[in-house]
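A.B. asks: Sharing a structure, written as structure tokens. Questions coming.
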Amino acid sequence: QVQLVESGGGLVQAGGSLRLSCAASGSILMFNVMGWYRQAPGNERELVARIISGGSTEYASSVKGRFSISRDYAKNTVYLQMNSLKPEDTAVYYCNMHDATRGISIWGQGTQVTVSS
């Protein structure tokens with residue numbers, strides 16, 4: 001089974017940028033939807049951004065205009081470019097890939113993003 005490994009998290013000041021990467025151990029062509037979620041302490045996991053197989057993207061209203069999701073099939077990697085970061089963006093960010101045909105959904109282990117004010 002394909003495994004996902006996130007990287008790129010860290011500590012950044014408000015207004016700064018980070019780029020998260022989600023590298024898959026195998027081909028990601030089978031996955032219809034690839035997305036990034038986040039979970040802050042005491043909160044439920046929420047969708048941040050996702051990209052559909054046709055290339056369309058969706059964003060949470062709180063990150064629209066600041067974050068950008070992209071994918072590289074050659075590298076089996078999905079990215080999340082995060083600009084103009086705010087303290088409220090602080091959370092553990094998780095990568096998810098979903099294959100609707102086979103009903104398979106896999107998660108990475110998460111990467112911590114901390115934005116200081």
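Chain lettering (A, B, ...) mirrors the order of the structure tokens, residue numbering begins at 1 for each chain separately, and ligand numbering begins at 1 in order of display.
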Please list as a ChimeraX atom specification every residue within 6 Å of segment 71-81 of chain A, counting only C-alpha atoms and excluding residues in the same chain fewer than 4 positions away.

C.D. replies: /A:19-24,27-28,67

A.B. asks: Give me the residues near Ser62 of chain A as an MDAnalysis selection string, where near means some atom within 12 Å (using only C-alpha atoms) and where sequence neighbours in that chain fewer than 5 positions away do not count.

C.D. replies: chainID A and resid 46:49 67 82 84:86 88:89

A.B. asks: Okay, now the selection with all heavy atoms, as a CSV table (one decimal), in the first residue's frame?

C.D. replies:
```
chain,number,residue,atom,x,y,z
A,46,GLU,N,-9.9,19.6,10.0
A,46,GLU,CA,-10.6,20.3,8.9
A,46,GLU,C,-9.9,20.3,7.6
A,46,GLU,O,-8.7,20.3,7.6
A,46,GLU,CB,-10.9,21.8,9.4
A,46,GLU,CG,-9.6,22.6,9.6
A,46,GLU,CD,-9.9,24.0,9.9
A,46,GLU,OE1,-11.0,24.4,10.0
A,46,GLU,OE2,-8.9,24.8,10.1
A,47,LEU,N,-10.7,20.4,6.6
A,47,LEU,CA,-10.1,20.5,5.2
A,47,LEU,C,-9.5,21.8,5.0
A,47,LEU,O,-10.1,22.8,5.3
A,47,LEU,CB,-11.2,20.2,4.2
A,47,LEU,CG,-10.8,20.4,2.7
A,47,LEU,CD1,-9.7,19.3,2.3
A,47,LEU,CD2,-12.0,20.3,1.8
A,48,VAL,N,-8.3,21.8,4.5
A,48,VAL,CA,-7.6,23.1,4.1
A,48,VAL,C,-7.7,23.3,2.6
A,48,VAL,O,-8.1,24.4,2.2
A,48,VAL,CB,-6.1,23.1,4.6
A,48,VAL,CG1,-5.4,24.3,4.1
A,48,VAL,CG2,-6.0,22.9,6.1
A,49,ALA,N,-7.3,22.3,1.9
A,49,ALA,CA,-7.3,22.4,0.4
A,49,ALA,C,-7.3,21.1,-0.2
A,49,ALA,O,-6.8,20.1,0.4
A,49,ALA,CB,-6.1,23.2,-0.1
A,67,PHE,N,-3.2,30.3,0.4
A,67,PHE,CA,-2.6,28.9,0.2
A,67,PHE,C,-2.8,28.5,-1.2
A,67,PHE,O,-3.8,28.8,-1.8
A,67,PHE,CB,-3.2,27.9,1.2
A,67,PHE,CG,-2.9,28.1,2.7
A,67,PHE,CD1,-2.2,29.2,3.1
A,67,PHE,CD2,-3.2,27.1,3.6
A,67,PHE,CE1,-1.9,29.4,4.5
A,67,PHE,CE2,-2.9,27.3,4.9
A,67,PHE,CZ,-2.3,28.4,5.3
A,82,MET,N,2.0,27.9,1.5
A,82,MET,CA,1.3,28.7,2.4
A,82,MET,C,2.0,30.0,2.6
A,82,MET,O,3.2,30.1,3.0
A,82,MET,CB,1.3,28.0,3.8
A,82,MET,CG,0.7,26.6,3.7
A,82,MET,SD,0.5,25.8,5.3
A,82,MET,CE,2.2,25.7,5.9
A,84,SER,N,1.6,34.4,3.7
A,84,SER,CA,0.9,35.3,4.6
A,84,SER,C,0.3,34.5,5.8
A,84,SER,O,-0.8,34.7,6.2
A,84,SER,CB,-0.2,36.0,3.9
A,84,SER,OG,0.3,36.7,2.8
A,85,LEU,N,1.2,33.7,6.4
A,85,LEU,CA,0.7,32.9,7.5
A,85,LEU,C,0.3,33.7,8.7
A,85,LEU,O,0.8,34.7,9.0
A,85,LEU,CB,1.8,31.9,7.9
A,85,LEU,CG,1.9,30.7,6.9
A,85,LEU,CD1,3.3,30.0,7.1
A,85,LEU,CD2,0.8,29.7,7.2
A,86,LYS,N,-0.7,33.1,9.4
A,86,LYS,CA,-1.3,33.8,10.6
A,86,LYS,C,-1.2,32.8,11.8
A,86,LYS,O,-1.1,31.6,11.6
A,86,LYS,CB,-2.8,34.1,10.4
A,86,LYS,CG,-3.0,35.0,9.1
A,86,LYS,CD,-4.5,35.1,8.9
A,86,LYS,CE,-4.8,36.0,7.7
A,86,LYS,NZ,-6.3,36.2,7.5
A,88,GLU,N,-3.3,31.8,13.7
A,88,GLU,CA,-4.5,30.8,13.6
A,88,GLU,C,-4.3,29.7,12.6
A,88,GLU,O,-5.1,28.7,12.6
A,88,GLU,CB,-5.8,31.5,13.4
A,88,GLU,CG,-5.8,32.4,12.2
A,88,GLU,CD,-5.5,33.9,12.6
A,88,GLU,OE1,-4.7,34.2,13.4
A,88,GLU,OE2,-6.2,34.8,12.0
A,89,ASP,N,-3.2,29.7,11.8
A,89,ASP,CA,-2.9,28.6,11.0
A,89,ASP,C,-2.1,27.6,11.7
A,89,ASP,O,-1.8,26.5,11.1
A,89,ASP,CB,-2.1,29.1,9.8
A,89,ASP,CG,-2.8,30.1,8.8
A,89,ASP,OD1,-4.0,29.8,8.6
A,89,ASP,OD2,-2.3,31.1,8.4
```

A.B. asks: Would you pick out the contacts of Trp107 of chain A at 9 Å or less, using only C-alpha atoms, so that residues sharing its chain but fewer than 2 positions from it are not included, and give the list as a count of residues only?

C.D. replies: 10

A.B. asks: List every residue of chain A that DSSP, applied to the backbone of this structure, assigns to strand (DSSP E or B), and report them as a ChimeraX atom specification.

C.D. replies: /A:4-7,10-13,18-24,33-39,46-52,57-59,67-72,77-82,91-99,104-107,111-116

A.B. asks: Between A:Val115, A:Ile106, A:Leu29, A:Ala91, which is the closest to Arg45 of chain A once you count only C-alpha atoms?

C.D. replies: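 Of A:Val115, A:Ile106, A:Leu29, A:Ala91, the one nearest Arg45 of chain A is A:Ala91, counting only C-alpha atoms.
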